[in-house]
$ cat start-v4.tsv   # TSV, C-alpha atoms
chain	number	residue	atom	x	y	z
W	4	VAL	CA	-147.26	32.68	-11.98
W	5	GLY	CA	-144.79	32.42	-9.10
W	6	GLN	CA	-141.94	30.40	-7.61
W	7	LEU	CA	-140.47	29.46	-4.27
W	8	ARG	CA	-136.84	28.52	-4.90
W	9	PHE	CA	-134.51	26.77	-2.44
W	10	ALA	CA	-130.88	27.58	-3.25
W	11	GLY	CA	-127.47	27.68	-1.62
W	12	ARG	CA	-123.93	28.83	-2.33
W	13	ALA	CA	-121.52	26.21	-3.62
W	14	ALA	CA	-118.18	25.69	-1.92
W	15	GLY	CA	-116.46	26.50	-5.22
W	16	GLY	CA	-117.18	30.22	-4.93
W	17	THR	CA	-119.44	32.78	-3.29
W	18	ASP	CA	-120.92	33.86	-6.62
W	19	VAL	CA	-122.17	30.35	-7.52
W	20	SER	CA	-125.73	29.59	-6.42
W	21	ARG	CA	-127.22	26.10	-6.75
W	22	THR	CA	-130.95	25.33	-6.77
W	23	GLY	CA	-131.80	22.28	-4.68
W	24	ALA	CA	-135.57	22.39	-5.03
W	25	LEU	CA	-138.35	24.51	-6.46
W	26	ILE	CA	-142.08	24.93	-5.95
W	27	GLN	CA	-143.81	26.67	-8.83
W	28	ALA	CA	-147.36	27.81	-9.53
W	29	THR	CA	-148.06	27.27	-13.23
W	30	ALA	CA	-151.09	28.66	-15.05
W	31	SER	CA	-153.21	25.83	-16.45
W	32	ASN	CA	-155.44	28.09	-18.53
W	33	THR	CA	-155.45	31.70	-19.73
W	34	TRP	CA	-154.43	33.61	-16.63
W	35	ASP	CA	-154.38	37.39	-16.20
W	36	THR	CA	-155.24	39.90	-13.53
W	37	THR	CA	-157.96	41.60	-15.58
W	38	GLN	CA	-160.40	38.70	-15.56
W	39	THR	CA	-163.60	39.29	-13.62
W	40	SER	CA	-164.41	35.83	-12.19
W	41	GLY	CA	-161.87	36.11	-9.38
W	42	TYR	CA	-160.49	32.63	-10.08
W	43	SER	CA	-157.37	31.70	-12.02
W	44	ALA	CA	-156.76	28.01	-12.80
W	45	THR	CA	-153.28	27.00	-11.61
W	46	HIS	CA	-151.16	23.87	-11.19
W	47	LEU	CA	-148.66	23.50	-8.35
W	48	ASP	CA	-145.38	21.88	-9.49
W	49	PHE	CA	-142.60	20.46	-7.31
W	50	PHE	CA	-139.01	20.10	-8.56
W	51	THR	CA	-136.00	18.45	-6.88
W	52	GLN	CA	-132.29	18.18	-7.76
W	53	ASN	CA	-130.70	14.74	-7.48
W	54	ASN	CA	-126.99	13.88	-7.23
W	55	SER	CA	-126.53	12.82	-10.87
W	56	GLY	CA	-124.50	15.83	-11.95
W	57	THR	CA	-127.20	17.02	-14.35
W	58	ASP	CA	-129.82	19.71	-13.84
W	59	THR	CA	-132.92	17.69	-12.89
W	60	VAL	CA	-134.79	20.84	-11.82
W	61	ALA	CA	-134.69	22.12	-15.38
W	62	ALA	CA	-135.71	18.66	-16.66
W	63	GLY	CA	-139.21	19.05	-15.29
W	64	SER	CA	-141.37	18.67	-12.21
W	65	ARG	CA	-141.35	15.49	-10.10
W	66	LEU	CA	-144.86	16.01	-8.80
W	67	ARG	CA	-147.83	18.12	-9.84
W	68	ILE	CA	-151.09	18.97	-8.13
W	69	THR	CA	-153.33	19.98	-10.99
W	70	SER	CA	-155.88	22.77	-10.93
W	71	ASP	CA	-158.53	20.01	-10.75
W	72	GLY	CA	-156.93	18.47	-7.66
W	73	ASP	CA	-155.34	15.47	-9.41
W	74	LEU	CA	-152.00	14.25	-8.08
W	75	LEU	CA	-149.44	13.42	-10.80
W	76	ILE	CA	-146.09	11.79	-10.07
W	77	GLY	CA	-143.54	11.49	-12.87
W	78	THR	CA	-145.96	12.83	-15.48
W	79	GLN	CA	-148.04	15.87	-16.38
W	80	THR	CA	-150.84	13.86	-18.00
W	81	SER	CA	-153.69	12.94	-15.70
W	82	ALA	CA	-155.41	9.54	-15.94
W	83	GLY	CA	-157.36	9.88	-12.68
W	84	LYS	CA	-157.07	11.41	-9.24
W	85	LEU	CA	-153.68	9.71	-8.80
W	86	THR	CA	-151.40	9.03	-11.78
W	87	VAL	CA	-147.90	7.56	-11.39
W	88	ASP	CA	-145.45	7.19	-14.28
W	89	SER	CA	-142.29	5.41	-13.14
W	90	GLY	CA	-140.59	5.61	-16.52
W	91	THR	CA	-138.22	2.67	-16.98
W	92	THR	CA	-138.47	1.68	-13.31
W	93	ASN	CA	-140.84	-1.29	-13.21
W	94	THR	CA	-141.83	-0.92	-9.55
W	95	CYS	CA	-144.40	1.87	-9.79
W	96	ALA	CA	-145.50	1.92	-6.14
W	97	THR	CA	-144.98	0.10	-2.84
W	98	PHE	CA	-147.43	0.07	0.07
W	99	LYS	CA	-145.78	-1.12	3.28
W	100	SER	CA	-146.80	-1.88	6.85
W	101	THR	CA	-144.37	-2.41	9.74
W	102	ASP	CA	-146.43	-5.24	11.27
W	103	ALA	CA	-148.41	-8.22	9.98
W	104	GLY	CA	-151.00	-6.99	7.50
W	105	ALA	CA	-150.85	-4.40	4.73
W	106	VAL	CA	-154.25	-3.57	3.21
W	107	ILE	CA	-155.45	-1.50	0.27
W	108	ASN	CA	-159.19	-0.82	0.53
W	109	LEU	CA	-161.39	-0.21	-2.52
W	110	VAL	CA	-164.67	1.48	-1.59
W	111	ASP	CA	-167.62	2.62	-3.68
W	112	ASN	CA	-171.18	3.58	-2.74
W	113	THR	CA	-172.17	-0.08	-2.23
W	114	ALA	CA	-169.37	-2.08	-0.62
W	115	ARG	CA	-165.74	-2.27	0.47
W	116	SER	CA	-163.26	-4.76	-0.99
W	117	SER	CA	-159.56	-5.13	-0.27
W	118	ILE	CA	-156.21	-6.51	-1.31
W	119	GLU	CA	-154.13	-7.59	1.70
W	120	GLN	CA	-150.71	-9.07	2.39
W	121	ASN	CA	-150.74	-10.77	5.80
W	122	GLY	CA	-147.72	-12.85	6.73
W	123	ASN	CA	-147.37	-15.47	4.01
W	124	ASP	CA	-150.91	-14.95	2.71
W	125	LEU	CA	-152.14	-12.73	-0.10
W	126	LYS	CA	-155.85	-12.07	0.36
W	127	ILE	CA	-158.21	-10.70	-2.27
W	128	SER	CA	-161.51	-9.93	-0.57
W	129	ALA	CA	-164.84	-8.90	-2.06
W	130	ASP	CA	-167.11	-7.24	0.52
W	131	THR	CA	-164.41	-7.37	3.20
W	132	ASP	CA	-166.72	-6.80	6.15
W	133	ALA	CA	-169.47	-9.12	4.81
W	134	SER	CA	-172.06	-6.34	4.98
W	135	ASP	CA	-173.56	-6.96	1.52
W	136	ALA	CA	-175.09	-10.16	0.11
W	137	ASN	CA	-174.25	-11.86	-3.19
W	138	SER	CA	-170.74	-10.43	-3.58
W	139	THR	CA	-168.46	-11.98	-6.21
W	140	ILE	CA	-164.89	-11.89	-7.46
W	141	LYS	CA	-164.61	-11.68	-11.25
W	142	LEU	CA	-161.49	-12.28	-13.34
W	143	GLN	CA	-161.90	-10.52	-16.66
W	144	VAL	CA	-159.87	-10.66	-19.88
W	145	ASP	CA	-160.52	-8.39	-22.89
W	146	GLY	CA	-163.56	-6.88	-21.21
W	147	SER	CA	-165.47	-10.07	-20.36
W	148	THR	CA	-165.66	-12.34	-17.31
W	149	LYS	CA	-163.69	-15.60	-17.62
W	150	VAL	CA	-163.78	-16.82	-14.00
W	151	LEU	CA	-166.33	-15.90	-11.34
W	152	VAL	CA	-166.18	-16.81	-7.64
W	153	ARG	CA	-169.58	-16.59	-5.93
W	154	ASP	CA	-170.29	-15.75	-2.31
W	155	ASP	CA	-171.18	-19.42	-1.62
W	156	GLY	CA	-167.76	-20.60	-2.86
W	157	HIS	CA	-168.97	-21.91	-6.20
W	158	VAL	CA	-166.57	-21.17	-9.08
W	159	LEU	CA	-167.78	-20.60	-12.64
W	160	PHE	CA	-165.45	-20.98	-15.63
W	161	SER	CA	-165.66	-20.47	-19.41
W	162	GLY	CA	-167.47	-17.13	-19.19
W	163	LEU	CA	-170.39	-18.34	-17.07
W	164	THR	CA	-171.85	-15.68	-14.79
W	165	SER	CA	-174.75	-17.59	-13.21
W	166	LYS	CA	-175.04	-20.99	-11.48
W	167	ASN	CA	-177.99	-23.03	-12.72
W	168	ASP	CA	-177.38	-26.44	-11.10
W	169	PRO	CA	-179.33	-26.56	-7.81
W	170	ARG	CA	-177.58	-29.76	-6.66
W	171	ASN	CA	-174.02	-28.43	-7.01
W	172	ALA	CA	-173.97	-26.03	-4.11
W	173	ALA	CA	-170.32	-25.05	-3.78
W	174	GLY	CA	-168.36	-26.75	-6.54
W	175	ILE	CA	-167.30	-25.76	-10.03
W	176	THR	CA	-169.16	-25.30	-13.31
W	177	ILE	CA	-167.53	-25.38	-16.75
W	178	LYS	CA	-169.56	-24.42	-19.79
W	179	SER	CA	-169.56	-26.80	-22.75
W	180	SER	CA	-169.26	-25.17	-26.15
W	181	SER	CA	-168.60	-26.02	-29.78
W	182	GLY	CA	-164.95	-25.08	-29.25
W	183	GLY	CA	-164.70	-27.29	-26.20
W	184	GLY	CA	-165.11	-26.96	-22.47
W	185	GLY	CA	-163.52	-29.57	-20.23
W	186	VAL	CA	-160.56	-30.46	-18.06
W	187	SER	CA	-157.12	-31.18	-19.54
W	188	PHE	CA	-154.21	-32.91	-17.83
W	189	GLN	CA	-150.88	-32.13	-19.49
W	190	THR	CA	-148.12	-34.72	-19.56
W	191	TYR	CA	-145.47	-34.73	-16.88
W	192	GLY	CA	-142.97	-34.63	-19.76
W	193	GLY	CA	-141.18	-37.87	-19.02
W	194	ASN	CA	-141.51	-41.46	-17.79
W	195	GLY	CA	-144.11	-42.32	-20.46
W	196	SER	CA	-146.70	-39.75	-19.32
W	197	LYS	CA	-149.51	-38.75	-21.72
W	198	ASN	CA	-152.02	-35.92	-22.20
W	199	TRP	CA	-155.55	-36.66	-20.94
W	200	ARG	CA	-158.83	-34.80	-21.38
W	201	ILE	CA	-162.31	-35.07	-19.88
W	202	ARG	CA	-164.91	-33.25	-21.96
W	203	PRO	CA	-168.59	-33.45	-22.86
W	204	ASP	CA	-169.80	-33.35	-26.47
W	205	ASP	CA	-166.35	-34.10	-27.85
W	206	MET	CA	-165.46	-36.59	-30.60
W	207	ASN	CA	-168.22	-39.19	-30.21
W	208	GLY	CA	-171.34	-37.08	-30.19
W	209	TRP	CA	-173.55	-34.60	-28.37
W	210	GLY	CA	-174.76	-35.54	-24.91
W	211	THR	CA	-171.77	-37.73	-24.03
W	212	LEU	CA	-168.96	-37.33	-21.49
W	213	GLU	CA	-165.70	-38.57	-22.95
W	214	PHE	CA	-162.34	-39.55	-21.45
W	215	SER	CA	-159.55	-39.47	-24.01
W	216	VAL	CA	-155.76	-39.76	-24.08
W	217	SER	CA	-153.09	-38.84	-26.62
W	218	PRO	CA	-151.24	-41.69	-28.37
W	219	THR	CA	-147.84	-40.05	-27.88
W	220	THR	CA	-145.84	-40.16	-24.65
W	221	ASN	CA	-143.95	-37.23	-23.12
W	222	SER	CA	-145.36	-34.71	-25.62
W	223	ALA	CA	-146.93	-31.41	-24.53
W	224	THR	CA	-148.30	-30.72	-28.03
W	225	ASP	CA	-149.94	-34.02	-29.05
W	226	TRP	CA	-153.46	-34.12	-27.64
W	227	PRO	CA	-156.32	-36.57	-28.25
W	228	ASP	CA	-157.99	-35.54	-31.52
W	229	HIS	CA	-159.45	-38.74	-32.98
W	230	ALA	CA	-162.18	-41.16	-32.00
W	231	ASP	CA	-159.52	-43.85	-31.51
W	232	ASP	CA	-158.10	-41.76	-28.64
W	233	ILE	CA	-161.31	-42.13	-26.58
W	234	VAL	CA	-160.86	-44.65	-23.75
W	235	MET	CA	-164.29	-44.28	-22.11
W	236	ILE	CA	-167.63	-42.77	-23.07
W	237	MET	CA	-170.45	-42.08	-20.64
W	238	LYS	CA	-173.88	-41.78	-22.23
W	239	PRO	CA	-177.24	-40.80	-20.71

$ encode --input "start-v4.tsv" --output "structure tokens"
Amino acid sequence: VGQLRFAGRAAGGTDVSRTGALIQATASNTWDTTQTSGYSATHLDFFTQNNSGTDTVAAGSRLRITSDGDLLIGTQTSAGKLTVDSGTTNTCATFKSTDAGAVINLVDNTARSSIEQNGNDLKISADTDASDANSTIKLQVDGSTKVLVRDDGHVLFSGLTSKNDPRNAAGITIKSSSGGGGVSFQTYGGNGSKNWRIRPDDMNGWGTLEFSVSPTTNSATDWPDHADDIVMIMKP
């Protein structure tokens, strides 16, 4: 559609012109002057030349503002209002403050949460200004919640999303299941250390709380798996 080119003459000769940067309007859809709507969808592309000795302007735009208002850096494929593709550079973005405290706020139509670096502390805050009740922090894997931190400080594990024990106000809850739900202590790896486990409904029977230990010392792979490994059983 149109270009604004920034160029200069090289020292090697007056007839040699080098492009240092380019701003280009690129049609995003069928674009012609005979259309009657009065609007022509257009991207705005920004190109720069680096000092590599190759033509990086011709290689493609560094940044694009799409006709829909999306901002694309390092790519021409939008995945949201801001899309960054760093290629083989693993650091995709850095947000920096010159004093103590660097905050990224996440705001929707209900609440504000934030991720903050402050001195030596990394803070992950749900409902940063405490203006909404019953806020939680959820850690999800494969689309489901695995750990949930409630507003009262109680922590739920094993996929639990609700606290049902009225006499455990701000502790932890682990769900028992046929595959196991307990606490494991892995061996130090030397000095005769062993693997321990505390788990309900384990090798003795349903309704029990069992303490068991592996028979092998200094092994990270041998865990209690037989009734002989049980050292204490608590029954109702």

$ residues_near_point --input "start-v4.tsv" --point "(-146.5, -37.1, -19.2)" --cutoff "10 Å" --atoms "only C-alpha atoms" --output "list in words"
Phe188, Gln189, Thr190, Tyr191, Gly192, Gly193, Asn194, Gly195, Ser196, Lys197, Asn198, Trp199, Thr219, Thr220, Asn221, Ser222 and Ala223 of chain W

$ closest_atom_pairs --input "start-v4.tsv" --of "stretch 162-218 of chain W" --to "stretch 148-153 of chain W" --cutoff "8 Å" --atoms "all atoms listed in the file" --output "tab-separated table"
residue	atom	partner	partner_atom	distance
W:Gly162	CA	W:Lys149	CA	4.4
W:Leu163	CA	W:Lys149	CA	7.3
W:Thr164	CA	W:Leu151	CA	6.5

$ residues_around --input "start-v4.tsv" --residues "stretch 46-48 of chain W" --least-positions-apart "6" --cutoff "7 Å" --atoms "only C-alpha atoms" --output "PyMOL selection string"
chain W and resi 26-31+64+66-70

$ closest_residue --input "start-v4.tsv" --among "W:Ser180, W:Thr91, W:Asn112, W:Phe49" --to "W:Gln79" --atoms "only C-alpha atoms"
W:Phe49

$ atom_distance --input "start-v4.tsv" --atom1 "atom CA of W:Gly77" --atom2 "atom CA of W:Ala61"
14.1 Å

$ closest_residue --input "start-v4.tsv" --among "W:Ser161, W:Thr45, W:Ser187, W:Ser217" --to "W:Leu142" --atoms "all atoms listed in the file"
W:Ser161

$ build_atoms --input "start-v4.tsv" --residues "stretch 69-104 of chain W" --atoms "N, CA and C atoms" --output "PDB file, in the coordinates of the input"
ATOM      1  N   THR W  69    -152.697  19.248  -9.911  1.00  0.00           N
ATOM      2  CA  THR W  69    -153.330  19.980 -10.990  1.00  0.00           C
ATOM      3  C   THR W  69    -154.380  20.950 -10.454  1.00  0.00           C
ATOM      4  N   SER W  70    -154.836  21.815 -11.316  1.00  0.00           N
ATOM      5  CA  SER W  70    -155.880  22.770 -10.930  1.00  0.00           C
ATOM      6  C   SER W  70    -157.187  22.053 -10.606  1.00  0.00           C
ATOM      7  N   ASP W  71    -157.340  20.805 -11.065  1.00  0.00           N
ATOM      8  CA  ASP W  71    -158.530  20.010 -10.750  1.00  0.00           C
ATOM      9  C   ASP W  71    -158.358  19.152  -9.509  1.00  0.00           C
ATOM     10  N   GLY W  72    -157.165  19.228  -8.880  1.00  0.00           N
ATOM     11  CA  GLY W  72    -156.930  18.470  -7.660  1.00  0.00           C
ATOM     12  C   GLY W  72    -156.354  17.084  -7.893  1.00  0.00           C
ATOM     13  N   ASP W  73    -155.977  16.756  -9.138  1.00  0.00           N
ATOM     14  CA  ASP W  73    -155.340  15.470  -9.410  1.00  0.00           C
ATOM     15  C   ASP W  73    -153.883  15.509  -8.966  1.00  0.00           C
ATOM     16  N   LEU W  74    -153.382  14.359  -8.507  1.00  0.00           N
ATOM     17  CA  LEU W  74    -152.000  14.250  -8.080  1.00  0.00           C
ATOM     18  C   LEU W  74    -151.231  13.445  -9.120  1.00  0.00           C
ATOM     19  N   LEU W  75    -150.221  14.057  -9.741  1.00  0.00           N
ATOM     20  CA  LEU W  75    -149.440  13.420 -10.800  1.00  0.00           C
ATOM     21  C   LEU W  75    -148.004  13.280 -10.336  1.00  0.00           C
ATOM     22  N   ILE W  76    -147.473  12.060 -10.442  1.00  0.00           N
ATOM     23  CA  ILE W  76    -146.090  11.790 -10.070  1.00  0.00           C
ATOM     24  C   ILE W  76    -145.364  11.251 -11.292  1.00  0.00           C
ATOM     25  N   GLY W  77    -144.321  11.938 -11.722  1.00  0.00           N
ATOM     26  CA  GLY W  77    -143.540  11.490 -12.870  1.00  0.00           C
ATOM     27  C   GLY W  77    -144.189  11.770 -14.204  1.00  0.00           C
ATOM     28  N   THR W  78    -145.260  12.534 -14.229  1.00  0.00           N
ATOM     29  CA  THR W  78    -145.960  12.830 -15.480  1.00  0.00           C
ATOM     30  C   THR W  78    -146.748  14.126 -15.312  1.00  0.00           C
ATOM     31  N   GLN W  79    -147.148  14.708 -16.413  1.00  0.00           N
ATOM     32  CA  GLN W  79    -148.040  15.870 -16.380  1.00  0.00           C
ATOM     33  C   GLN W  79    -149.350  15.578 -17.087  1.00  0.00           C
ATOM     34  N   THR W  80    -149.599  14.290 -17.353  1.00  0.00           N
ATOM     35  CA  THR W  80    -150.840  13.860 -18.000  1.00  0.00           C
ATOM     36  C   THR W  80    -151.677  13.079 -17.011  1.00  0.00           C
ATOM     37  N   SER W  81    -152.836  13.576 -16.704  1.00  0.00           N
ATOM     38  CA  SER W  81    -153.690  12.940 -15.700  1.00  0.00           C
ATOM     39  C   SER W  81    -154.491  11.795 -16.317  1.00  0.00           C
ATOM     40  N   ALA W  82    -154.553  10.668 -15.569  1.00  0.00           N
ATOM     41  CA  ALA W  82    -155.410   9.540 -15.940  1.00  0.00           C
ATOM     42  C   ALA W  82    -156.320   9.168 -14.775  1.00  0.00           C
ATOM     43  N   GLY W  83    -156.545  10.123 -13.862  1.00  0.00           N
ATOM     44  CA  GLY W  83    -157.360   9.880 -12.680  1.00  0.00           C
ATOM     45  C   GLY W  83    -156.875  10.757 -11.553  1.00  0.00           C
ATOM     46  N   LYS W  84    -157.456  10.586 -10.381  1.00  0.00           N
ATOM     47  CA  LYS W  84    -157.070  11.410  -9.240  1.00  0.00           C
ATOM     48  C   LYS W  84    -155.619  11.197  -8.827  1.00  0.00           C
ATOM     49  N   LEU W  85    -155.091   9.985  -9.043  1.00  0.00           N
ATOM     50  CA  LEU W  85    -153.680   9.710  -8.800  1.00  0.00           C
ATOM     51  C   LEU W  85    -153.110   9.018 -10.026  1.00  0.00           C
ATOM     52  N   THR W  86    -152.074   9.619 -10.630  1.00  0.00           N
ATOM     53  CA  THR W  86    -151.400   9.030 -11.780  1.00  0.00           C
ATOM     54  C   THR W  86    -149.911   8.958 -11.477  1.00  0.00           C
ATOM     55  N   VAL W  87    -149.328   7.763 -11.631  1.00  0.00           N
ATOM     56  CA  VAL W  87    -147.900   7.560 -11.390  1.00  0.00           C
ATOM     57  C   VAL W  87    -147.269   7.011 -12.660  1.00  0.00           C
ATOM     58  N   ASP W  88    -146.223   7.669 -13.142  1.00  0.00           N
ATOM     59  CA  ASP W  88    -145.450   7.190 -14.280  1.00  0.00           C
ATOM     60  C   ASP W  88    -144.021   6.984 -13.806  1.00  0.00           C
ATOM     61  N   SER W  89    -143.617   5.717 -13.680  1.00  0.00           N
ATOM     62  CA  SER W  89    -142.290   5.410 -13.140  1.00  0.00           C
ATOM     63  C   SER W  89    -141.220   5.352 -14.215  1.00  0.00           C
ATOM     64  N   GLY W  90    -141.586   5.649 -15.454  1.00  0.00           N
ATOM     65  CA  GLY W  90    -140.590   5.610 -16.520  1.00  0.00           C
ATOM     66  C   GLY W  90    -140.098   4.197 -16.754  1.00  0.00           C
ATOM     67  N   THR W  91    -138.796   3.998 -16.748  1.00  0.00           N
ATOM     68  CA  THR W  91    -138.220   2.670 -16.980  1.00  0.00           C
ATOM     69  C   THR W  91    -138.085   1.857 -15.698  1.00  0.00           C
ATOM     70  N   THR W  92    -138.481   2.421 -14.570  1.00  0.00           N
ATOM     71  CA  THR W  92    -138.470   1.680 -13.310  1.00  0.00           C
ATOM     72  C   THR W  92    -139.757   0.872 -13.205  1.00  0.00           C
ATOM     73  N   ASN W  93    -139.656  -0.441 -13.135  1.00  0.00           N
ATOM     74  CA  ASN W  93    -140.840  -1.290 -13.210  1.00  0.00           C
ATOM     75  C   ASN W  93    -141.667  -1.291 -11.933  1.00  0.00           C
ATOM     76  N   THR W  94    -141.064  -1.019 -10.792  1.00  0.00           N
ATOM     77  CA  THR W  94    -141.830  -0.920  -9.550  1.00  0.00           C
ATOM     78  C   THR W  94    -142.434   0.478  -9.474  1.00  0.00           C
ATOM     79  N   CYS W  95    -143.737   0.569  -9.736  1.00  0.00           N
ATOM     80  CA  CYS W  95    -144.400   1.870  -9.790  1.00  0.00           C
ATOM     81  C   CYS W  95    -144.760   2.389  -8.399  1.00  0.00           C
ATOM     82  N   ALA W  96    -145.096   1.489  -7.479  1.00  0.00           N
ATOM     83  CA  ALA W  96    -145.500   1.920  -6.140  1.00  0.00           C
ATOM     84  C   ALA W  96    -145.334   0.768  -5.172  1.00  0.00           C
ATOM     85  N   THR W  97    -145.075   1.080  -3.916  1.00  0.00           N
ATOM     86  CA  THR W  97    -144.980   0.100  -2.840  1.00  0.00           C
ATOM     87  C   THR W  97    -145.778   0.596  -1.650  1.00  0.00           C
ATOM     88  N   PHE W  98    -146.650  -0.252  -1.122  1.00  0.00           N
ATOM     89  CA  PHE W  98    -147.430   0.070   0.070  1.00  0.00           C
ATOM     90  C   PHE W  98    -146.969  -0.874   1.180  1.00  0.00           C
ATOM     91  N   LYS W  99    -146.470  -0.321   2.276  1.00  0.00           N
ATOM     92  CA  LYS W  99    -145.780  -1.120   3.280  1.00  0.00           C
ATOM     93  C   LYS W  99    -146.334  -0.878   4.671  1.00  0.00           C
ATOM     94  N   SER W 100    -146.430  -1.962   5.434  1.00  0.00           N
ATOM     95  CA  SER W 100    -146.800  -1.880   6.850  1.00  0.00           C
ATOM     96  C   SER W 100    -145.655  -2.442   7.670  1.00  0.00           C
ATOM     97  N   THR W 101    -145.468  -1.932   8.897  1.00  0.00           N
ATOM     98  CA  THR W 101    -144.370  -2.410   9.740  1.00  0.00           C
ATOM     99  C   THR W 101    -144.753  -3.603  10.595  1.00  0.00           C
ATOM    100  N   ASP W 102    -146.023  -4.028  10.551  1.00  0.00           N
ATOM    101  CA  ASP W 102    -146.430  -5.240  11.270  1.00  0.00           C
ATOM    102  C   ASP W 102    -147.157  -6.160  10.312  1.00  0.00           C
ATOM    103  N   ALA W 103    -147.710  -7.262  10.821  1.00  0.00           N
ATOM    104  CA  ALA W 103    -148.410  -8.220   9.980  1.00  0.00           C
ATOM    105  C   ALA W 103    -149.694  -7.602   9.429  1.00  0.00           C
ATOM    106  N   GLY W 104    -149.800  -7.531   8.123  1.00  0.00           N
ATOM    107  CA  GLY W 104    -151.000  -6.990   7.500  1.00  0.00           C
ATOM    108  C   GLY W 104    -150.761  -5.659   6.833  1.00  0.00           C
TER     109      GLY W 104
END
